Amino acid sequence: MKVSLNWLGRYVDLTDKTPQQVLADLTMSTAEIDGIEGFAQGLDAVVVGRVLERKKHEGADKLSVTKVDVGAGAPLQIVCGAPNVAAGQYVAVALVGAKLPGGLVIKQAKIRGVESAGMICSEAELGIGEGGDGILVLDEAAAAAQLGKPFAEALGVADHVLEIDNKSINHRPDLWGHYGIARELAAIWGRPLKPFGPRADLPASGASPRIAIEDQSACPRYLGVYVEGVQHARSPNWLRWALASVGARSIDLLVDLTNWVMFDLGQPLHAFDAQRLGGAAIGVRFARRGERMTTLDGACRELVEKDLLITAGDQPVALAGVMGGEGSKVDASTRSILLESATFHAATIRRTSTRLGLRSDASARFEKSLDPALTELAVHRFLTMLAAALPGARAVGPIADPAAWRFSPRTIRLRKARLDLKLGVTLPRDRVAGILRSLQFDVRDADEDLQVGVPSFRATKDIAIEDDLIEEVGRMFRYDNIQEQPLRSVIAAPHREEEPWLCRALCRLAATEIGAHEVYDYSFVPDALLEACGAGAHRYARVSNPVAPEAARMRRHVMPSLLGNLASNLRRAPEVLLFEDGKGYHVEHRDGHGLPHEVRELAFAWARKGGVSPYAELRAGLETILARVGYPVTTEHELDSPAPWNHPGRTARLDRGGVGVGYVGLLHPQVARALGLDAEVAIANLDVRALLTADPAAARYRPIPAYPSQPIDVALVVAAERRVAELAAFLRTLGKDGGEDLVQDVKLFETYVGEGIPAGQKSLNFTVTLGSSSRTLTSKDEERYLGRVRARCGELGAVLRG
């Protein structure tokens, strides 16, 4: 958000403060300032001038030759191409040698044979607006006394603009306008805050809009007032420049005034052409299925039932809090308006603006939970400013306020002892009370403590508990004034929670032992992904405020979310191995609090383009990491109740002590096609909580070997249907040599199908680790072991390669 220092100066004295001081003090006490940028800076050689005469250029139809008084010396002859230049105007003149924004340097020149000693500038050329179709004509009353003086300084255009990090004020709706920032600076420096402005003189009777609010929780307050005597007009220069300084475009007087009030107070306004509304009653209601409307940007919007509308009669005329409608906009023919000032439910506005990709300055503010009290202040501010600009404009009746909102003050007890403990410094109670009063809190004594009343502009989202008040005191005292102290505490071993410990251990081993990459997905799942996985008809818990309407269902299992990542990753690599640790939610079962039953799962997906299926490797990897954490499993049975994504007949149940703790198998071919996966995909899932119900294997101490181990590679060619576990167990049984078992470990490191391997067969490549507790092994031990493998592998129909 951009904040103009000139604008702030309307409400708090900044005369002795540099822009850098303002930045530093706001950053330390209020919000992080990203930086400062100049506005109309470096224009010292652009001065106020007066056009004395204008003649047509004899050599060019679109050029004029002017004489311009710049306050010193003889008038300058300047050739000008603007159509609106005329004698008697006060203008901004760039003298010879001036450097304008964009790098243009003004030089003495001859244009179509006529000498020109300078340039009469437009707003665009000065970098203070978009008015590039003609020269900037200054207000005579303001410019006459400044003839010859630097334009930007003499007319108060030069400014510095702060760029505030929006993340640091998302919780502070009161800081989304200049007045709120000025209030903070007044409190920081102990200076008076000038009042916001006078109230407009409104008639006690007369025409007043009829307004009906369907759901007051969606619209806590809606004000409307009819204004007549308006007309299409260009905004005065000061207003155009103020809007330009904060990055807003000037449109016309009515629209500019609504925007100015929004940037000033933080409360958006909207002006409807009253004649186009036809006198119909104004409604605030939710859209109906299939309803459409055309917004101010000319786009036809398809509405959903959670979009909030403003209607005239039953016809939509605005997307509440987001954008007005094309059919009710003000334009050059407008002579009367309905001025709207409202507050809307923050999440409702955020949902609509996000769904439509339609972000505006107004929606950004409504999404922060605005103070309903601002609505009335904003109306009065607009009406007083409009009357000053157009003396004939007036409200023709009282403000309609059907919700009759009234602020109910909230009080919070601030315990002095807790404040001192939290801040780590003891502050006098009077100092604490003074800080809170400077922020416009109502403070009263309550024995040794304070009873604090929260003002309405801090009560919608920001200040709710005692610690919020402690934060207010701390930031205004400034945390850099609190002396650093070493932490002192009793260190005790934390209680070990088995579930997170097991999940962390499994995730670490999945990454380091299997080589899998961890992914993080949302718990809500797009409808299209559930349909592709064959799970669209299942019962789901639903999100009441989804980030997107097509992702409102909470997942029952982790696997669909994980599978949704495969296609995009396979476009970048021929082989992808992913895993995710997450939760699923079963709505048909409830916990003691009435919430959906949670399941904790570790899901794996291994996709490979071409070559052998990664199923055997995934299963061996799971068996390895589960054994490492003390939960060895077997895969002896088919899965009892397969999920829609499980391959029928090619999914094995993972058992631990007779308890099913998960599965490993292939992805269902229909699901693979629906997901666009042109690859062999193996999947696995571990039910962490089921795993914890089984007793872990007792850990056994194994002394550090005194002699080195000796790994050897063993490649066995077997029938394609032969199980890895059988071959691994077979290799373990061959370790006996002279009464000592030399096999310490057996691991599968590759399954190979291809050149050199007969059809219908595969090569299972193991690393067998040999070792002895009494001696160093030699090559002869390796030869004898391989000899036993070669002699007996035929029992399993296997052939030793190499």
# chains A, B, ... in the order shown; residues from 1 in each chain; ligands from 1

call {"tool": "residues_around", "arguments": {"residues": "Ala281 of chain A", "least_positions_apart": "3", "cutoff": "6 Å", "atoms": "only C-alpha atoms", "output": "list of chain:residue names"}}
result
A:Arg210, A:Ile211, A:Ala312, A:Gly313

call {"tool": "select_by_dssp", "arguments": {"residues": "segment 380-564 of chain A", "states": "strand (DSSP E)", "output": "MDAnalysis selection string"}}
result
chainID A and resid 394:395 410:414 442:446 449:454 517:518 524:525 553:554

call {"tool": "write_last_selection", "arguments": {"atoms": "N, CA, C and O atoms", "output": "compact mmCIF listing (two decimals), in the first residue's frame"}}
result
# COMPACT_ATOMS: atom_id res chain seq x y z
N ARG A 394 -26.08 18.71 -3.71
CA ARG A 394 -26.60 18.63 -2.34
C ARG A 394 -27.34 17.31 -2.13
O ARG A 394 -27.90 16.74 -3.08
N ALA A 395 -27.33 16.83 -0.89
CA ALA A 395 -28.14 15.68 -0.52
C ALA A 395 -29.59 16.13 -0.44
O ALA A 395 -29.90 17.19 0.12
N ARG A 410 -16.26 -2.97 23.82
CA ARG A 410 -15.65 -4.13 24.47
C ARG A 410 -14.61 -3.64 25.45
O ARG A 410 -13.79 -2.78 25.13
N THR A 411 -14.62 -4.18 26.66
CA THR A 411 -13.60 -3.81 27.65
C THR A 411 -12.77 -5.03 27.99
O THR A 411 -13.28 -6.15 28.05
N ILE A 412 -11.48 -4.80 28.20
CA ILE A 412 -10.54 -5.87 28.53
C ILE A 412 -9.74 -5.43 29.75
O ILE A 412 -9.24 -4.30 29.80
N ARG A 413 -9.60 -6.31 30.70
CA ARG A 413 -8.80 -6.00 31.88
C ARG A 413 -7.33 -6.28 31.57
O ARG A 413 -6.98 -7.38 31.15
N LEU A 414 -6.50 -5.29 31.77
CA LEU A 414 -5.07 -5.43 31.56
C LEU A 414 -4.38 -5.50 32.92
O LEU A 414 -4.34 -4.52 33.67
N ASP A 442 -10.05 3.75 25.65
CA ASP A 442 -10.62 4.32 26.87
C ASP A 442 -10.01 3.56 28.05
O ASP A 442 -10.15 2.34 28.13
N VAL A 443 -9.31 4.26 28.93
CA VAL A 443 -8.55 3.60 30.00
C VAL A 443 -9.07 4.09 31.35
O VAL A 443 -9.17 5.30 31.60
N ARG A 444 -9.36 3.14 32.22
CA ARG A 444 -9.82 3.45 33.58
C ARG A 444 -9.06 2.58 34.57
O ARG A 444 -8.67 1.46 34.27
N ASP A 445 -8.88 3.12 35.77
CA ASP A 445 -8.19 2.38 36.82
C ASP A 445 -9.06 1.24 37.32
O ASP A 445 -10.30 1.37 37.42
N ALA A 446 -8.42 0.11 37.64
CA ALA A 446 -9.10 -1.04 38.22
C ALA A 446 -8.16 -1.64 39.26
O ALA A 446 -7.42 -2.59 38.96
N ASP A 449 -4.67 -2.70 38.35
CA ASP A 449 -4.71 -2.97 36.93
C ASP A 449 -5.42 -1.85 36.18
O ASP A 449 -5.73 -0.80 36.75
N LEU A 450 -5.70 -2.09 34.90
CA LEU A 450 -6.39 -1.12 34.06
C LEU A 450 -7.56 -1.80 33.35
O LEU A 450 -7.45 -2.95 32.91
N GLN A 451 -8.67 -1.10 33.26
CA GLN A 451 -9.81 -1.56 32.48
C GLN A 451 -9.81 -0.76 31.18
O GLN A 451 -9.92 0.46 31.20
N VAL A 452 -9.66 -1.45 30.05
CA VAL A 452 -9.41 -0.79 28.77
C VAL A 452 -10.59 -1.01 27.82
O VAL A 452 -10.97 -2.15 27.55
N GLY A 453 -11.15 0.10 27.34
CA GLY A 453 -12.22 0.04 26.34
C GLY A 453 -11.62 0.13 24.95
O GLY A 453 -10.80 1.01 24.66
N VAL A 454 -12.03 -0.78 24.07
CA VAL A 454 -11.47 -0.85 22.73
C VAL A 454 -12.29 0.02 21.79
O VAL A 454 -13.52 -0.14 21.71
N HIS A 517 10.94 -38.27 -2.83
CA HIS A 517 10.81 -36.83 -2.61
C HIS A 517 9.49 -36.55 -1.91
O HIS A 517 8.43 -37.01 -2.34
N GLU A 518 9.54 -35.75 -0.83
CA GLU A 518 8.33 -35.46 -0.07
C GLU A 518 7.57 -34.31 -0.72
O GLU A 518 8.16 -33.34 -1.18
N PHE A 524 -7.79 -30.17 1.25
CA PHE A 524 -8.97 -30.17 0.39
C PHE A 524 -8.55 -30.55 -1.03
O PHE A 524 -7.47 -30.21 -1.47
N VAL A 525 -9.44 -31.28 -1.70
CA VAL A 525 -9.09 -31.91 -2.97
C VAL A 525 -10.04 -31.43 -4.07
O VAL A 525 -11.26 -31.37 -3.86
N ARG A 553 -14.09 -30.13 -0.87
CA ARG A 553 -14.15 -31.39 -0.14
C ARG A 553 -12.81 -31.71 0.52
O ARG A 553 -11.75 -31.58 -0.11
N MET A 554 -12.87 -32.13 1.79
CA MET A 554 -11.68 -32.57 2.51
C MET A 554 -11.40 -34.03 2.14
O MET A 554 -12.32 -34.86 2.07

call {"tool": "residues_around", "arguments": {"residues": "Val661 of chain A", "least_positions_apart": "2", "cutoff": "8 Å", "atoms": "only C-alpha atoms", "output": "ChimeraX atom specification"}}
result
/A:653-656,659,663,686-688,690-691

call {"tool": "write_last_selection", "arguments": {"atoms": "N, CA, C and O atoms", "output": "PDB file, in the first residue's frame"}}
result
ATOM      1  N   ARG A 653      -1.669 -56.701   0.891  1.00  0.00           N
ATOM      2  CA  ARG A 653      -1.873 -56.079   2.193  1.00  0.00           C
ATOM      3  C   ARG A 653      -0.593 -56.165   3.010  1.00  0.00           C
ATOM      4  O   ARG A 653       0.077 -57.197   3.021  1.00  0.00           O
ATOM      5  N   LEU A 654      -0.250 -55.087   3.675  1.00  0.00           N
ATOM      6  CA  LEU A 654       0.888 -55.076   4.592  1.00  0.00           C
ATOM      7  C   LEU A 654       0.387 -55.484   5.967  1.00  0.00           C
ATOM      8  O   LEU A 654      -0.502 -54.828   6.528  1.00  0.00           O
ATOM      9  N   ASP A 655       0.937 -56.582   6.515  1.00  0.00           N
ATOM     10  CA  ASP A 655       0.502 -57.115   7.810  1.00  0.00           C
ATOM     11  C   ASP A 655       1.575 -56.923   8.856  1.00  0.00           C
ATOM     12  O   ASP A 655       2.773 -57.090   8.591  1.00  0.00           O
ATOM     13  N   ARG A 656       1.097 -56.608  10.067  1.00  0.00           N
ATOM     14  CA  ARG A 656       1.991 -56.564  11.221  1.00  0.00           C
ATOM     15  C   ARG A 656       1.275 -57.259  12.370  1.00  0.00           C
ATOM     16  O   ARG A 656       0.300 -56.738  12.913  1.00  0.00           O
ATOM     17  N   VAL A 659      -2.414 -57.697  11.835  1.00  0.00           N
ATOM     18  CA  VAL A 659      -3.176 -56.455  11.653  1.00  0.00           C
ATOM     19  C   VAL A 659      -2.782 -55.828  10.325  1.00  0.00           C
ATOM     20  O   VAL A 659      -1.594 -55.690  10.018  1.00  0.00           O
ATOM     21  N   TYR A 663      -1.034 -51.071   2.407  1.00  0.00           N
ATOM     22  CA  TYR A 663      -1.013 -51.878   1.190  1.00  0.00           C
ATOM     23  C   TYR A 663       0.109 -51.403   0.285  1.00  0.00           C
ATOM     24  O   TYR A 663       0.631 -50.295   0.412  1.00  0.00           O
ATOM     25  N   LEU A 686       0.614 -46.439   4.127  1.00  0.00           N
ATOM     26  CA  LEU A 686       0.780 -46.917   5.499  1.00  0.00           C
ATOM     27  C   LEU A 686      -0.222 -46.199   6.391  1.00  0.00           C
ATOM     28  O   LEU A 686      -0.289 -44.965   6.393  1.00  0.00           O
ATOM     29  N   ASP A 687      -1.000 -46.959   7.145  1.00  0.00           N
ATOM     30  CA  ASP A 687      -1.897 -46.414   8.156  1.00  0.00           C
ATOM     31  C   ASP A 687      -1.099 -46.292   9.448  1.00  0.00           C
ATOM     32  O   ASP A 687      -0.874 -47.279  10.151  1.00  0.00           O
ATOM     33  N   VAL A 688      -0.648 -45.096   9.752  1.00  0.00           N
ATOM     34  CA  VAL A 688       0.290 -44.903  10.863  1.00  0.00           C
ATOM     35  C   VAL A 688      -0.342 -45.310  12.187  1.00  0.00           C
ATOM     36  O   VAL A 688       0.295 -45.962  13.028  1.00  0.00           O
ATOM     37  N   ALA A 690      -2.801 -47.460  12.738  1.00  0.00           N
ATOM     38  CA  ALA A 690      -2.929 -48.917  12.809  1.00  0.00           C
ATOM     39  C   ALA A 690      -1.574 -49.546  13.119  1.00  0.00           C
ATOM     40  O   ALA A 690      -1.476 -50.518  13.869  1.00  0.00           O
ATOM     41  N   LEU A 691      -0.526 -48.975  12.542  1.00  0.00           N
ATOM     42  CA  LEU A 691       0.821 -49.491  12.790  1.00  0.00           C
ATOM     43  C   LEU A 691       1.181 -49.375  14.260  1.00  0.00           C
ATOM     44  O   LEU A 691       1.801 -50.273  14.850  1.00  0.00           O
TER      45      LEU A 691
END

call {"tool": "residues_around", "arguments": {"residues": "Asp165 of chain A", "least_positions_apart": "4", "cutoff": "6 Å", "atoms": "only C-alpha atoms", "output": "VMD selection string"}}
result
chain A and resid 32 to 34

call {"tool": "residues_around", "arguments": {"residues": "segment 301-305 of chain A", "least_positions_apart": "4", "cutoff": "8 Å", "atoms": "only C-alpha atoms", "output": "PDB file with all heavy atoms, in the first residue's frame"}}
result
ATOM      1  N   PHE A 286     -27.772 -12.471  -1.753  1.00  0.00           N
ATOM      2  CA  PHE A 286     -26.876 -13.392  -2.426  1.00  0.00           C
ATOM      3  C   PHE A 286     -27.427 -13.718  -3.815  1.00  0.00           C
ATOM      4  O   PHE A 286     -28.640 -13.695  -4.055  1.00  0.00           O
ATOM      5  CB  PHE A 286     -26.701 -14.679  -1.622  1.00  0.00           C
ATOM      6  CG  PHE A 286     -25.804 -14.510  -0.428  1.00  0.00           C
ATOM      7  CD1 PHE A 286     -26.332 -14.381   0.846  1.00  0.00           C
ATOM      8  CD2 PHE A 286     -24.427 -14.456  -0.586  1.00  0.00           C
ATOM      9  CE1 PHE A 286     -25.510 -14.218   1.946  1.00  0.00           C
ATOM     10  CE2 PHE A 286     -23.586 -14.296   0.504  1.00  0.00           C
ATOM     11  CZ  PHE A 286     -24.132 -14.176   1.774  1.00  0.00           C
ATOM     12  N   ALA A 287     -26.498 -14.003  -4.731  1.00  0.00           N
ATOM     13  CA  ALA A 287     -26.890 -14.325  -6.107  1.00  0.00           C
ATOM     14  C   ALA A 287     -27.631 -15.648  -6.151  1.00  0.00           C
ATOM     15  O   ALA A 287     -27.532 -16.484  -5.245  1.00  0.00           O
ATOM     16  CB  ALA A 287     -25.649 -14.372  -7.000  1.00  0.00           C
ATOM     17  N   ARG A 288     -28.365 -15.819  -7.243  1.00  0.00           N
ATOM     18  CA  ARG A 288     -29.073 -17.073  -7.494  1.00  0.00           C
ATOM     19  C   ARG A 288     -28.323 -17.868  -8.559  1.00  0.00           C
ATOM     20  O   ARG A 288     -27.609 -17.297  -9.377  1.00  0.00           O
ATOM     21  CB  ARG A 288     -30.500 -16.795  -7.946  1.00  0.00           C
ATOM     22  CG  ARG A 288     -31.280 -15.929  -6.950  1.00  0.00           C
ATOM     23  CD  ARG A 288     -32.729 -15.765  -7.360  1.00  0.00           C
ATOM     24  NE  ARG A 288     -33.412 -14.865  -6.428  1.00  0.00           N
ATOM     25  CZ  ARG A 288     -33.745 -13.612  -6.727  1.00  0.00           C
ATOM     26  NH1 ARG A 288     -33.473 -13.127  -7.937  1.00  0.00           N
ATOM     27  NH2 ARG A 288     -34.348 -12.847  -5.831  1.00  0.00           N
ATOM     28  N   ARG A 289     -28.503 -19.148  -8.532  1.00  0.00           N
ATOM     29  CA  ARG A 289     -27.817 -20.016  -9.488  1.00  0.00           C
ATOM     30  C   ARG A 289     -28.164 -19.594 -10.921  1.00  0.00           C
ATOM     31  O   ARG A 289     -29.326 -19.384 -11.262  1.00  0.00           O
ATOM     32  CB  ARG A 289     -28.214 -21.474  -9.258  1.00  0.00           C
ATOM     33  CG  ARG A 289     -27.489 -22.459 -10.181  1.00  0.00           C
ATOM     34  CD  ARG A 289     -27.984 -23.876  -9.941  1.00  0.00           C
ATOM     35  NE  ARG A 289     -27.674 -24.324  -8.599  1.00  0.00           N
ATOM     36  CZ  ARG A 289     -26.511 -24.868  -8.225  1.00  0.00           C
ATOM     37  NH1 ARG A 289     -25.541 -25.000  -9.125  1.00  0.00           N
ATOM     38  NH2 ARG A 289     -26.322 -25.254  -6.993  1.00  0.00           N
ATOM     39  N   GLY A 290     -27.107 -19.432 -11.746  1.00  0.00           N
ATOM     40  CA  GLY A 290     -27.308 -19.083 -13.141  1.00  0.00           C
ATOM     41  C   GLY A 290     -27.437 -17.597 -13.409  1.00  0.00           C
ATOM     42  O   GLY A 290     -27.535 -17.185 -14.566  1.00  0.00           O
ATOM     43  N   GLU A 291     -27.421 -16.780 -12.351  1.00  0.00           N
ATOM     44  CA  GLU A 291     -27.556 -15.338 -12.540  1.00  0.00           C
ATOM     45  C   GLU A 291     -26.278 -14.768 -13.148  1.00  0.00           C
ATOM     46  O   GLU A 291     -25.178 -15.262 -12.897  1.00  0.00           O
ATOM     47  CB  GLU A 291     -27.843 -14.672 -11.192  1.00  0.00           C
ATOM     48  CG  GLU A 291     -28.761 -13.492 -11.283  1.00  0.00           C
ATOM     49  CD  GLU A 291     -29.314 -13.049  -9.927  1.00  0.00           C
ATOM     50  OE1 GLU A 291     -28.957 -13.653  -8.897  1.00  0.00           O
ATOM     51  OE2 GLU A 291     -30.096 -12.093  -9.912  1.00  0.00           O
ATOM     52  N   ARG A 292     -26.413 -13.703 -13.950  1.00  0.00           N
ATOM     53  CA  ARG A 292     -25.272 -13.049 -14.581  1.00  0.00           C
ATOM     54  C   ARG A 292     -25.396 -11.543 -14.409  1.00  0.00           C
ATOM     55  O   ARG A 292     -26.483 -11.018 -14.215  1.00  0.00           O
ATOM     56  CB  ARG A 292     -25.201 -13.362 -16.079  1.00  0.00           C
ATOM     57  CG  ARG A 292     -24.869 -14.793 -16.440  1.00  0.00           C
ATOM     58  CD  ARG A 292     -24.840 -14.964 -17.950  1.00  0.00           C
ATOM     59  NE  ARG A 292     -24.370 -16.270 -18.355  1.00  0.00           N
ATOM     60  CZ  ARG A 292     -25.138 -17.336 -18.461  1.00  0.00           C
ATOM     61  NH1 ARG A 292     -26.423 -17.246 -18.185  1.00  0.00           N
ATOM     62  NH2 ARG A 292     -24.638 -18.502 -18.834  1.00  0.00           N
ATOM     63  N   MET A 293     -24.240 -10.862 -14.498  1.00  0.00           N
ATOM     64  CA  MET A 293     -24.251  -9.404 -14.562  1.00  0.00           C
ATOM     65  C   MET A 293     -22.984  -8.930 -15.259  1.00  0.00           C
ATOM     66  O   MET A 293     -21.962  -9.629 -15.279  1.00  0.00           O
ATOM     67  CB  MET A 293     -24.368  -8.772 -13.174  1.00  0.00           C
ATOM     68  CG  MET A 293     -23.114  -8.865 -12.311  1.00  0.00           C
ATOM     69  SD  MET A 293     -23.181  -7.769 -10.875  1.00  0.00           S
ATOM     70  CE  MET A 293     -23.053  -6.178 -11.680  1.00  0.00           C
ATOM     71  N   THR A 294     -23.067  -7.735 -15.852  1.00  0.00           N
ATOM     72  CA  THR A 294     -21.914  -7.128 -16.518  1.00  0.00           C
ATOM     73  C   THR A 294     -21.324  -6.074 -15.602  1.00  0.00           C
ATOM     74  O   THR A 294     -22.015  -5.150 -15.173  1.00  0.00           O
ATOM     75  CB  THR A 294     -22.332  -6.486 -17.851  1.00  0.00           C
ATOM     76  OG1 THR A 294     -22.918  -7.487 -18.684  1.00  0.00           O
ATOM     77  CG2 THR A 294     -21.117  -5.888 -18.549  1.00  0.00           C
ATOM     78  N   THR A 295     -20.039  -6.226 -15.285  1.00  0.00           N
ATOM     79  CA  THR A 295     -19.373  -5.303 -14.365  1.00  0.00           C
ATOM     80  C   THR A 295     -18.780  -4.117 -15.125  1.00  0.00           C
ATOM     81  O   THR A 295     -18.802  -4.063 -16.355  1.00  0.00           O
ATOM     82  CB  THR A 295     -18.280  -6.040 -13.578  1.00  0.00           C
ATOM     83  OG1 THR A 295     -17.499  -6.839 -14.474  1.00  0.00           O
ATOM     84  CG2 THR A 295     -18.884  -6.956 -12.532  1.00  0.00           C
TER      85      THR A 295
END

call {"tool": "residues_around", "arguments": {"residues": "Pro574 of chain A", "least_positions_apart": "3", "cutoff": "8 Å", "atoms": "only C-alpha atoms", "output": "MDAnalysis selection string"}}
result
chainID A and resid 570:571 608:609

call {"tool": "residues_around", "arguments": {"residues": "segment 105-119 of chain A", "least_positions_apart": "3", "cutoff": "12 Å", "atoms": "only C-alpha atoms", "output": "ChimeraX atom specification"}}
result
/A:43,45-49,51,56-70,74-82,85,91-102,122,125-126,135-136

call {"tool": "closest_atom_pairs", "arguments": {"of": "segment 395-501 of chain A", "to": "segment 334-346 of chain A", "cutoff": "10 Å", "atoms": "only C-alpha atoms", "output": "JSON lines"}}
result
{"residue": "A:Ala395", "atom": "CA", "partner": "A:Ile337", "partner_atom": "CA", "distance": 9.5}
{"residue": "A:Val396", "atom": "CA", "partner": "A:Ser336", "partner_atom": "CA", "distance": 9.9}
{"residue": "A:Ile399", "atom": "CA", "partner": "A:Leu339", "partner_atom": "CA", "distance": 9.5}
{"residue": "A:Ala400", "atom": "CA", "partner": "A:Glu340", "partner_atom": "CA", "distance": 9.8}
{"residue": "A:Asp401", "atom": "CA", "partner": "A:Ala342", "partner_atom": "CA", "distance": 9.7}

call {"tool": "closest_residue", "arguments": {"among": "A:Ala535, A:Ile188, A:Leu277, A:Leu8", "to": "Asp264 of chain A", "atoms": "only C-alpha atoms"}}
result
A:Leu8

call {"tool": "select_by_dssp", "arguments": {"residues": "segment 197-426 of chain A", "states": "alpha helix (DSSP H)", "output": "PyMOL selection string"}}
result
chain A and resi 237-245+253-265+274-277+346-356+361-366+374-389+416-423

call {"tool": "closest_residue", "arguments": {"among": "A:Phe382, A:Phe457, A:Tyr585, A:Trp606", "to": "Leu370 of chain A", "atoms": "only C-alpha atoms"}}
result
A:Phe457
